[in-house]
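Coordinates as given in work_16.csv (CSV, C-alpha atoms):
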```csv
chain,number,residue,atom,x,y,z
C,1,MET,CA,66.7,120.4,117.2
C,2,PRO,CA,66.4,120.0,113.4
C,3,ARG,CA,66.8,116.5,111.9
C,4,VAL,CA,69.8,115.8,109.8
C,5,SER,CA,69.0,114.5,106.3
C,6,GLN,CA,70.2,111.1,105.1
C,7,ASP,CA,72.2,112.9,102.4
C,8,HIS,CA,74.0,114.9,105.0
C,9,LEU,CA,74.8,111.8,107.0
C,10,ASP,CA,76.0,109.9,103.9
C,11,ALA,CA,78.2,112.9,102.9
C,12,ARG,CA,79.7,113.1,106.4
C,13,ARG,CA,80.3,109.3,106.4
C,14,ARG,CA,82.1,109.7,103.0
C,15,GLN,CA,84.1,112.6,104.4
C,16,ILE,CA,85.3,110.5,107.3
C,17,LEU,CA,86.1,107.5,105.1
C,18,ASP,CA,88.1,109.7,102.6
C,19,GLY,CA,90.1,111.3,105.4
C,20,ALA,CA,90.7,108.1,107.2
C,21,ARG,CA,91.9,106.4,104.0
C,22,ALA,CA,94.6,109.0,103.7
C,23,CYS,CA,95.4,108.8,107.4
C,24,PHE,CA,95.7,105.0,107.5
C,25,ALA,CA,97.8,105.0,104.3
C,26,ARG,CA,100.2,107.6,105.7
C,27,HIS,CA,100.5,106.4,109.3
C,28,GLY,CA,99.3,102.8,109.3
C,29,TYR,CA,96.6,101.5,111.6
C,30,GLU,CA,98.6,102.0,114.8
C,31,GLY,CA,99.9,105.4,113.9
C,32,ALA,CA,96.4,106.7,112.9
C,33,THR,CA,95.7,108.2,116.3
C,34,VAL,CA,92.4,109.8,117.0
C,35,ARG,CA,94.1,113.2,116.8
C,36,ARG,CA,95.5,112.4,113.3
C,37,LEU,CA,92.0,111.1,112.2
C,38,GLU,CA,90.5,114.4,113.4
C,39,GLU,CA,93.1,116.3,111.4
C,40,ALA,CA,92.7,114.2,108.3
C,41,THR,CA,88.9,114.3,108.3
C,42,GLY,CA,88.5,117.9,109.6
C,43,LEU,CA,86.0,116.6,112.2
C,44,SER,CA,86.0,116.1,115.9
C,45,ARG,CA,86.3,112.7,117.5
C,46,GLY,CA,82.6,112.9,118.5
C,47,ALA,CA,81.6,113.4,114.9
C,48,ILE,CA,83.9,110.5,113.7
C,49,PHE,CA,82.7,108.1,116.4
C,50,HIS,CA,79.1,109.0,116.0
C,51,HIS,CA,79.4,107.2,112.6
C,52,PHE,CA,81.8,104.4,113.7
C,53,ARG,CA,81.9,102.6,117.0
C,54,ASP,CA,85.7,102.7,117.3
C,55,LYS,CA,88.9,102.9,115.2
C,56,GLU,CA,88.7,99.2,114.2
C,57,SER,CA,85.1,99.6,113.0
C,58,LEU,CA,86.2,102.7,111.0
C,59,PHE,CA,89.2,100.7,109.5
C,60,LEU,CA,87.0,97.7,108.7
C,61,ALA,CA,84.4,100.0,107.0
C,62,LEU,CA,87.1,101.6,105.0
C,63,ALA,CA,88.5,98.2,103.9
C,64,GLU,CA,84.9,97.1,103.0
C,65,ASP,CA,84.4,100.2,101.0
C,66,GLU,CA,87.6,99.5,99.1
C,67,THR,CA,86.5,95.9,98.5
C,68,LEU,CA,83.1,97.1,97.3
C,69,ARG,CA,84.8,99.5,94.8
C,70,MET,CA,87.1,96.8,93.6
C,71,SER,CA,84.2,94.3,93.3
C,72,GLU,CA,82.3,96.7,91.1
C,73,VAL,CA,85.3,97.2,88.8
C,74,VAL,CA,85.8,93.4,88.7
C,75,ALA,CA,82.1,92.8,87.8
C,76,GLU,CA,82.3,95.2,84.9
C,77,GLN,CA,85.9,95.0,83.7
C,78,GLY,CA,87.7,92.2,85.5
C,79,LEU,CA,90.4,91.9,88.2
C,80,VAL,CA,93.2,92.9,85.8
C,81,GLN,CA,91.5,96.3,85.5
C,82,VAL,CA,91.7,96.7,89.3
C,83,MET,CA,95.4,96.1,88.9
C,84,ARG,CA,95.6,98.7,86.0
C,85,ASN,CA,93.8,101.2,88.3
C,86,LEU,CA,96.5,100.7,90.9
C,87,LEU,CA,99.0,101.9,88.3
C,88,ALA,CA,96.8,104.8,87.1
C,89,PRO,CA,93.8,105.5,89.3
C,90,ALA,CA,90.6,105.9,87.3
C,91,LEU,CA,88.6,107.9,89.8
C,92,PRO,CA,89.1,111.7,90.0
C,93,GLY,CA,91.0,112.5,93.2
C,94,ALA,CA,91.8,108.9,93.8
C,95,HIS,CA,95.4,108.2,94.8
C,96,PRO,CA,96.7,104.6,94.4
C,97,ALA,CA,98.9,105.1,97.5
C,98,ASP,CA,95.8,105.5,99.7
C,99,TRP,CA,94.3,102.3,98.4
C,100,LEU,CA,97.6,100.5,98.6
C,101,GLY,CA,98.1,101.7,102.2
C,102,THR,CA,94.7,100.3,103.1
C,103,ARG,CA,95.4,97.0,101.3
C,104,LEU,CA,98.7,96.6,103.0
C,105,GLU,CA,97.3,97.4,106.4
C,106,VAL,CA,94.6,94.8,105.9
C,107,SER,CA,97.3,92.2,104.9
C,108,ARG,CA,99.3,93.0,108.0
C,109,ARG,CA,96.4,92.8,110.3
C,110,LEU,CA,95.3,89.5,108.8
C,111,ARG,CA,98.7,88.1,109.7
C,112,THR,CA,98.8,89.5,113.2
C,113,ASP,CA,95.3,89.9,114.5
C,114,PRO,CA,93.1,86.8,114.8
C,115,GLU,CA,89.9,88.8,115.7
C,116,PHE,CA,90.4,91.1,112.7
C,117,ARG,CA,91.0,88.0,110.5
C,118,ALA,CA,87.7,86.5,111.7
C,119,ARG,CA,85.8,89.7,111.0
C,120,TRP,CA,87.4,90.2,107.6
C,121,ALA,CA,86.9,86.6,106.4
C,122,GLU,CA,83.2,87.0,105.7
C,123,ARG,CA,83.8,90.3,103.8
C,124,SER,CA,86.8,89.3,101.7
C,125,GLU,CA,84.9,86.6,99.9
C,126,GLN,CA,83.1,89.4,98.1
C,127,LEU,CA,86.0,90.1,95.8
C,128,THR,CA,86.7,86.4,95.1
C,129,THR,CA,83.0,85.9,94.3
C,130,ALA,CA,83.0,88.9,91.9
C,131,THR,CA,86.1,87.6,90.2
C,132,ARG,CA,84.7,84.0,89.9
C,133,GLU,CA,81.4,85.3,88.5
C,134,ARG,CA,83.1,87.5,86.0
C,135,LEU,CA,85.2,84.6,84.8
C,136,LEU,CA,82.2,82.4,84.5
C,137,ARG,CA,80.4,85.0,82.4
C,138,GLN,CA,83.5,85.3,80.2
C,139,ARG,CA,83.7,81.5,79.8
C,140,GLU,CA,80.0,81.3,78.9
C,141,ALA,CA,80.6,84.0,76.3
C,142,GLY,CA,83.5,82.0,74.8
C,143,LYS,CA,86.1,84.5,75.8
C,144,LEU,CA,87.9,82.5,78.6
C,145,ARG,CA,90.1,79.6,78.2
C,146,ASP,CA,88.3,76.3,79.0
C,147,ASP,CA,91.3,74.1,79.8
C,148,VAL,CA,91.8,75.5,83.3
C,149,ASP,CA,89.2,75.4,86.1
C,150,VAL,CA,87.6,78.8,86.9
C,151,ASP,CA,88.6,78.5,90.6
C,152,VAL,CA,92.3,78.0,89.5
C,153,LEU,CA,92.1,81.1,87.3
C,154,THR,CA,90.5,83.1,90.1
C,155,SER,CA,93.3,82.1,92.5
C,156,PHE,CA,95.9,82.9,89.8
C,157,LEU,CA,94.5,86.4,89.3
C,158,GLU,CA,94.3,87.0,93.1
C,159,LEU,CA,97.9,86.0,93.5
C,160,VAL,CA,99.0,88.3,90.7
C,161,LEU,CA,97.1,91.1,92.5
C,162,GLU,CA,98.9,90.4,95.8
C,163,GLY,CA,102.2,90.3,93.9
C,164,LEU,CA,101.5,93.7,92.4
C,165,VAL,CA,100.6,95.1,95.8
C,166,SER,CA,103.8,93.8,97.2
C,167,HIS,CA,105.8,95.2,94.3
C,168,LEU,CA,104.3,98.6,94.7
C,169,ALA,CA,104.7,98.5,98.5
C,170,MET,CA,108.4,97.9,98.1
C,171,GLY,CA,108.5,101.1,96.0
C,172,LEU,CA,109.7,99.3,92.9
C,173,PRO,CA,109.1,101.0,89.6
C,174,ALA,CA,105.6,100.5,88.1
C,175,ASP,CA,106.0,102.3,84.7
C,176,GLY,CA,106.8,99.1,82.8
C,177,LEU,CA,104.0,96.9,84.3
C,178,GLY,CA,101.3,97.6,81.7
C,179,PRO,CA,102.7,95.0,79.3
C,180,VAL,CA,103.0,92.6,82.2
C,181,LEU,CA,99.3,93.0,82.9
C,182,ASP,CA,98.5,92.6,79.2
C,183,LEU,CA,100.3,89.2,79.5
C,184,VAL,CA,98.3,88.2,82.6
C,185,GLU,CA,95.0,89.2,80.8
C,186,GLU,CA,96.0,87.3,77.7
C,187,SER,CA,96.9,84.2,79.7
C,188,VAL,CA,93.3,83.7,80.8
C,189,ARG,CA,91.7,84.4,77.4
C,190,ARG,CA,90.6,81.7,75.1
C,191,HIS,CA,92.8,81.3,72.1
C,192,ARG,CA,91.4,80.3,68.8
C,193,ARG,CA,93.5,77.7,67.0
C,194,SER,CA,94.3,78.7,63.5
C,195,GLY,CA,94.5,76.2,60.8
```
For this file, produce the structure as C-alpha coordinates.
Amino acid sequence: MPRVSQDHLDARRRQILDGARACFARHGYEGATVRRLEEATGLSRGAIFHHFRDKESLFLALAEDETLRMSEVVAEQGLVQVMRNLLAPALPGAHPADWLGTRLEVSRRLRTDPEFRARWAERSEQLTTATRERLLRQREAGKLRDDVDVDVLTSFLELVLEGLVSHLAMGLPADGLGPVLDLVEESVRRHRRSG
(Lines of atoms letter the chains of each structure in order from A and count residues from 1; the text may use other names and numbers.)
(Lines give C-alpha, C1' and ligand atoms only; values in the text may rest on other atoms or scores of the structure.)
Protein backbone atom coordinates (compact mmCIF):
# COMPACT_ATOMS: atom_id res chain seq x y z
CA MET A 1 0.00 0.00 0.00
CA PRO A 2 1.56 3.35 -1.02
CA ARG A 3 2.35 5.89 1.69
CA VAL A 4 0.37 9.09 1.66
CA SER A 5 2.51 12.23 1.58
CA GLN A 6 2.41 14.77 4.39
CA ASP A 7 1.24 17.37 1.86
CA HIS A 8 -1.73 15.16 0.99
CA LEU A 9 -2.56 14.64 4.69
CA ASP A 10 -2.31 18.39 5.33
CA ALA A 11 -4.54 19.15 2.33
CA ARG A 12 -7.11 16.60 3.51
CA ARG A 13 -7.06 18.06 7.03
CA ARG A 14 -7.58 21.56 5.56
CA GLN A 15 -10.46 20.22 3.41
CA ILE A 16 -12.10 18.78 6.52
CA LEU A 17 -11.64 21.99 8.53
CA ASP A 18 -12.99 24.17 5.71
CA GLY A 19 -16.06 21.99 5.24
CA ALA A 20 -16.63 21.66 8.99
CA ARG A 21 -16.37 25.45 9.43
CA ALA A 22 -19.26 25.97 7.02
CA CYS A 23 -21.25 23.09 8.54
CA PHE A 24 -20.87 24.30 12.14
CA ALA A 25 -21.67 27.88 11.06
CA ARG A 26 -24.82 26.76 9.26
CA HIS A 27 -26.10 24.14 11.72
CA GLY A 28 -24.37 24.82 15.05
CA TYR A 29 -22.48 22.19 17.00
CA GLU A 30 -25.48 20.00 17.79
CA GLY A 31 -26.93 20.24 14.29
CA ALA A 32 -23.63 19.39 12.59
CA THR A 33 -24.35 15.67 12.39
CA VAL A 34 -21.83 13.25 10.99
CA ARG A 35 -23.92 13.01 7.82
CA ARG A 36 -23.90 16.79 7.42
CA LEU A 37 -20.15 16.86 8.05
CA GLU A 38 -19.71 14.23 5.34
CA GLU A 39 -21.76 16.32 2.91
CA ALA A 40 -19.93 19.55 3.78
CA THR A 41 -16.47 18.03 3.44
CA GLY A 42 -17.21 15.64 0.59
CA LEU A 43 -15.56 12.88 2.62
CA SER A 44 -16.66 9.77 4.46
CA ARG A 45 -16.88 9.58 8.24
CA GLY A 46 -13.86 7.26 8.16
CA ALA A 47 -11.78 9.89 6.38
CA ILE A 48 -12.98 12.65 8.73
CA PHE A 49 -12.39 10.72 11.92
CA HIS A 50 -9.05 9.39 10.72
CA HIS A 51 -7.85 12.98 11.22
CA PHE A 52 -9.96 13.88 14.26
CA ARG A 53 -10.86 11.61 17.19
CA ASP A 54 -14.47 12.79 17.40
CA LYS A 55 -16.75 15.72 16.59
CA GLU A 56 -15.62 17.69 19.63
CA SER A 57 -11.97 17.28 18.65
CA LEU A 58 -12.84 18.47 15.15
CA PHE A 59 -14.69 21.50 16.52
CA LEU A 60 -11.87 22.32 18.94
CA ALA A 61 -9.31 22.04 16.10
CA LEU A 62 -11.47 24.37 14.03
CA ALA A 63 -11.72 26.88 16.89
CA GLU A 64 -7.95 26.63 17.42
CA ASP A 65 -7.40 27.21 13.71
CA GLU A 66 -9.56 30.36 13.86
CA THR A 67 -7.69 31.57 16.94
CA LEU A 68 -4.34 30.99 15.24
CA ARG A 69 -5.47 32.95 12.18
CA MET A 70 -6.74 35.77 14.37
CA SER A 71 -3.52 35.76 16.44
CA GLU A 72 -1.44 36.11 13.26
CA VAL A 73 -3.51 39.12 12.18
CA VAL A 74 -3.26 40.60 15.68
CA ALA A 75 0.53 40.20 15.75
CA GLU A 76 0.92 42.01 12.43
CA GLN A 77 -1.96 44.49 12.40
CA GLY A 78 -3.74 44.50 15.75
CA LEU A 79 -7.08 43.28 17.12
CA VAL A 80 -9.03 46.08 15.44
CA GLN A 81 -7.95 44.62 12.08
CA VAL A 82 -9.51 41.30 13.12
CA MET A 83 -12.73 43.24 13.67
CA ARG A 84 -12.39 44.93 10.28
CA ASN A 85 -11.91 41.51 8.68
CA LEU A 86 -15.22 40.44 10.19
CA LEU A 87 -16.87 43.21 8.27
CA ALA A 88 -14.99 42.52 5.01
CA PRO A 89 -13.01 39.26 4.98
CA ALA A 90 -9.43 39.67 3.76
CA LEU A 91 -8.87 36.05 2.74
CA PRO A 92 -10.08 34.95 -0.69
CA GLY A 93 -12.99 32.57 -0.27
CA ALA A 94 -13.36 33.47 3.41
CA HIS A 95 -16.83 34.22 4.60
CA PRO A 96 -17.34 36.18 7.83
CA ALA A 97 -20.48 34.19 8.65
CA ASP A 98 -18.39 31.02 8.86
CA TRP A 99 -15.94 32.58 11.31
CA LEU A 100 -18.79 34.21 13.19
CA GLY A 101 -20.64 30.90 13.45
CA THR A 102 -17.57 29.23 14.92
CA ARG A 103 -17.02 32.09 17.35
CA LEU A 104 -20.64 32.06 18.50
CA GLU A 105 -20.61 28.31 18.95
CA VAL A 106 -17.43 28.58 21.05
CA SER A 107 -19.16 31.22 23.21
CA ARG A 108 -22.25 29.06 23.66
CA ARG A 109 -20.24 25.99 24.58
CA LEU A 110 -18.12 27.98 27.03
CA ARG A 111 -21.32 28.89 28.88
CA THR A 112 -22.90 25.44 28.81
CA ASP A 113 -20.11 22.83 28.72
CA PRO A 114 -17.61 22.75 31.64
CA GLU A 115 -15.40 20.15 29.93
CA PHE A 116 -15.16 22.22 26.77
CA ARG A 117 -14.46 25.32 28.90
CA ALA A 118 -11.52 23.54 30.54
CA ARG A 119 -10.10 22.38 27.19
CA TRP A 120 -10.59 25.80 25.63
CA ALA A 121 -9.07 27.85 28.48
CA GLU A 122 -5.51 26.89 27.64
CA ARG A 123 -6.02 27.70 23.96
CA SER A 124 -7.91 30.97 24.26
CA GLU A 125 -5.00 32.66 26.00
CA GLN A 126 -3.23 32.70 22.63
CA LEU A 127 -5.32 35.59 21.30
CA THR A 128 -5.03 37.58 24.53
CA THR A 129 -1.26 37.07 24.53
CA ALA A 130 -0.97 38.18 20.90
CA THR A 131 -3.04 41.28 21.63
CA ARG A 132 -1.05 42.16 24.76
CA GLU A 133 2.30 41.66 22.96
CA ARG A 134 1.19 43.81 20.03
CA LEU A 135 0.10 46.57 22.40
CA LEU A 136 3.42 46.39 24.27
CA ARG A 137 5.32 46.73 20.97
CA GLN A 138 3.12 49.68 20.04
CA ARG A 139 3.80 51.30 23.42
CA GLU A 140 7.56 50.79 23.06
CA ALA A 141 7.35 52.45 19.64
CA GLY A 142 5.56 55.43 21.20
CA LYS A 143 2.31 54.77 19.31
CA LEU A 144 0.13 53.64 22.21
CA ARG A 145 -1.30 55.79 24.95
CA ASP A 146 0.67 55.43 28.17
CA ASP A 147 -1.93 56.59 30.68
CA VAL A 148 -3.79 53.23 30.69
CA ASP A 149 -2.33 49.86 31.61
CA VAL A 150 -1.78 47.48 28.68
CA ASP A 151 -3.88 44.79 30.37
CA VAL A 152 -6.79 47.23 30.60
CA LEU A 153 -6.41 48.13 26.91
CA THR A 154 -6.27 44.42 26.04
CA SER A 155 -9.50 43.78 27.94
CA PHE A 156 -11.11 46.82 26.31
CA LEU A 157 -10.31 45.59 22.80
CA GLU A 158 -11.47 42.05 23.60
CA LEU A 159 -14.78 43.40 24.93
CA VAL A 160 -15.25 45.47 21.77
CA LEU A 161 -14.62 42.32 19.70
CA GLU A 162 -17.21 40.38 21.70
CA GLY A 163 -19.68 43.25 21.27
CA LEU A 164 -19.08 43.28 17.52
CA VAL A 165 -19.61 39.51 17.38
CA SER A 166 -22.90 39.91 19.27
CA HIS A 167 -23.96 42.76 16.99
CA LEU A 168 -23.32 40.68 13.88
CA ALA A 169 -24.93 37.60 15.43
CA MET A 170 -28.15 39.55 15.95
CA GLY A 171 -28.16 40.36 12.24
CA LEU A 172 -27.84 44.08 12.86
CA PRO A 173 -26.45 46.21 10.02
CA ALA A 174 -22.68 46.39 9.78
CA ASP A 175 -22.25 48.86 6.94
CA GLY A 176 -21.70 51.87 9.22
CA LEU A 177 -19.27 50.22 11.64
CA GLY A 178 -16.02 51.22 9.92
CA PRO A 179 -15.99 54.66 11.60
CA VAL A 180 -16.81 53.01 14.93
CA LEU A 181 -13.73 50.81 14.57
CA ASP A 182 -11.72 53.92 13.62
CA LEU A 183 -12.83 55.43 16.94
CA VAL A 184 -11.85 52.29 18.86
CA GLU A 185 -8.44 52.30 17.20
CA GLU A 186 -7.95 56.00 17.85
CA SER A 187 -8.90 55.58 21.52
CA VAL A 188 -5.85 53.38 22.22
CA ARG A 189 -3.35 55.51 20.29
CA ARG A 190 -1.02 57.97 21.89
CA HIS A 191 -2.04 61.55 21.27
CA ARG A 192 0.60 64.21 20.96
CA ARG A 193 -0.29 67.38 22.78
CA SER A 194 -0.07 70.47 20.67
CA GLY A 195 1.14 73.62 21.95
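Among the candidates C:Ala88, C:Leu135, C:Arg13, C:Glu56, the residue lying nearest to Thr33 in chain C is C:Glu56 (atoms considered: only C-alpha atoms).
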Any idea what's packed within 10 Å of Arg123 in chain C, counting all atoms listed in the file, ignoring anything in its chain fewer than 2 positions away? Could you give it as a PyMOL selection string?
chain C and resi 60+63-64+67-68+118-121+125-128
Find the distance between CA of Arg35 in chain C and CA of Arg12 in chain C and write it in Å to one decimal.
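Separation between CA of Arg35 in chain C and CA of Arg12 in chain C: 17.8 Å.
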Tell me which of C:Leu136, C:Met170, C:Ile16, C:Ala61 sits closest to Ala40 in chain C, counting all atoms listed in the file.
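Checking each candidate against Ala40 in chain C, we get C:Ile16 as the closest.
Residue nearest Asn85 in chain C, chosen from C:Leu43, C:Leu181, C:Val188, C:Leu58 and counting all atoms listed in the file: C:Leu181.
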Could you name the residues that touch Leu62 in chain C at 12 Å or less, counting only C-alpha atoms, but leaving out those on the same chain fewer than 2 positions away, as a PDB file with C-alpha atoms, keeping the file's coordinate frame?
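Produced file result.pdb, reproduced below:
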```pdb
ATOM      1  CA  ARG C  13      80.300 109.300 106.400  1.00  0.00           C
ATOM      2  CA  ARG C  14      82.100 109.700 103.000  1.00  0.00           C
ATOM      3  CA  GLN C  15      84.100 112.600 104.400  1.00  0.00           C
ATOM      4  CA  ILE C  16      85.300 110.500 107.300  1.00  0.00           C
ATOM      5  CA  LEU C  17      86.100 107.500 105.100  1.00  0.00           C
ATOM      6  CA  ASP C  18      88.100 109.700 102.600  1.00  0.00           C
ATOM      7  CA  GLY C  19      90.100 111.300 105.400  1.00  0.00           C
ATOM      8  CA  ALA C  20      90.700 108.100 107.200  1.00  0.00           C
ATOM      9  CA  ARG C  21      91.900 106.400 104.000  1.00  0.00           C
ATOM     10  CA  ALA C  22      94.600 109.000 103.700  1.00  0.00           C
ATOM     11  CA  CYS C  23      95.400 108.800 107.400  1.00  0.00           C
ATOM     12  CA  PHE C  24      95.700 105.000 107.500  1.00  0.00           C
ATOM     13  CA  ALA C  25      97.800 105.000 104.300  1.00  0.00           C
ATOM     14  CA  TYR C  29      96.600 101.500 111.600  1.00  0.00           C
ATOM     15  CA  PHE C  52      81.800 104.400 113.700  1.00  0.00           C
ATOM     16  CA  LYS C  55      88.900 102.900 115.200  1.00  0.00           C
ATOM     17  CA  GLU C  56      88.700  99.200 114.200  1.00  0.00           C
ATOM     18  CA  SER C  57      85.100  99.600 113.000  1.00  0.00           C
ATOM     19  CA  LEU C  58      86.200 102.700 111.000  1.00  0.00           C
ATOM     20  CA  PHE C  59      89.200 100.700 109.500  1.00  0.00           C
ATOM     21  CA  LEU C  60      87.000  97.700 108.700  1.00  0.00           C
ATOM     22  CA  GLU C  64      84.900  97.100 103.000  1.00  0.00           C
ATOM     23  CA  ASP C  65      84.400 100.200 101.000  1.00  0.00           C
ATOM     24  CA  GLU C  66      87.600  99.500  99.100  1.00  0.00           C
ATOM     25  CA  THR C  67      86.500  95.900  98.500  1.00  0.00           C
ATOM     26  CA  LEU C  68      83.100  97.100  97.300  1.00  0.00           C
ATOM     27  CA  ARG C  69      84.800  99.500  94.800  1.00  0.00           C
ATOM     28  CA  ASP C  98      95.800 105.500  99.700  1.00  0.00           C
ATOM     29  CA  TRP C  99      94.300 102.300  98.400  1.00  0.00           C
ATOM     30  CA  GLY C 101      98.100 101.700 102.200  1.00  0.00           C
ATOM     31  CA  THR C 102      94.700 100.300 103.100  1.00  0.00           C
ATOM     32  CA  ARG C 103      95.400  97.000 101.300  1.00  0.00           C
ATOM     33  CA  GLU C 105      97.300  97.400 106.400  1.00  0.00           C
ATOM     34  CA  VAL C 106      94.600  94.800 105.900  1.00  0.00           C
ATOM     35  CA  TRP C 120      87.400  90.200 107.600  1.00  0.00           C
ATOM     36  CA  ARG C 123      83.800  90.300 103.800  1.00  0.00           C
TER      37      ARG C 123
END
```
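The spacing separating CA of Leu144 in chain C from CA of Ser166 in chain C amounts to 27.0 Å.
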Can you tell me how far CA of Arg109 in chain C sits from CA of Asp151 in chain C, in Å to one decimal?
25.6 Å
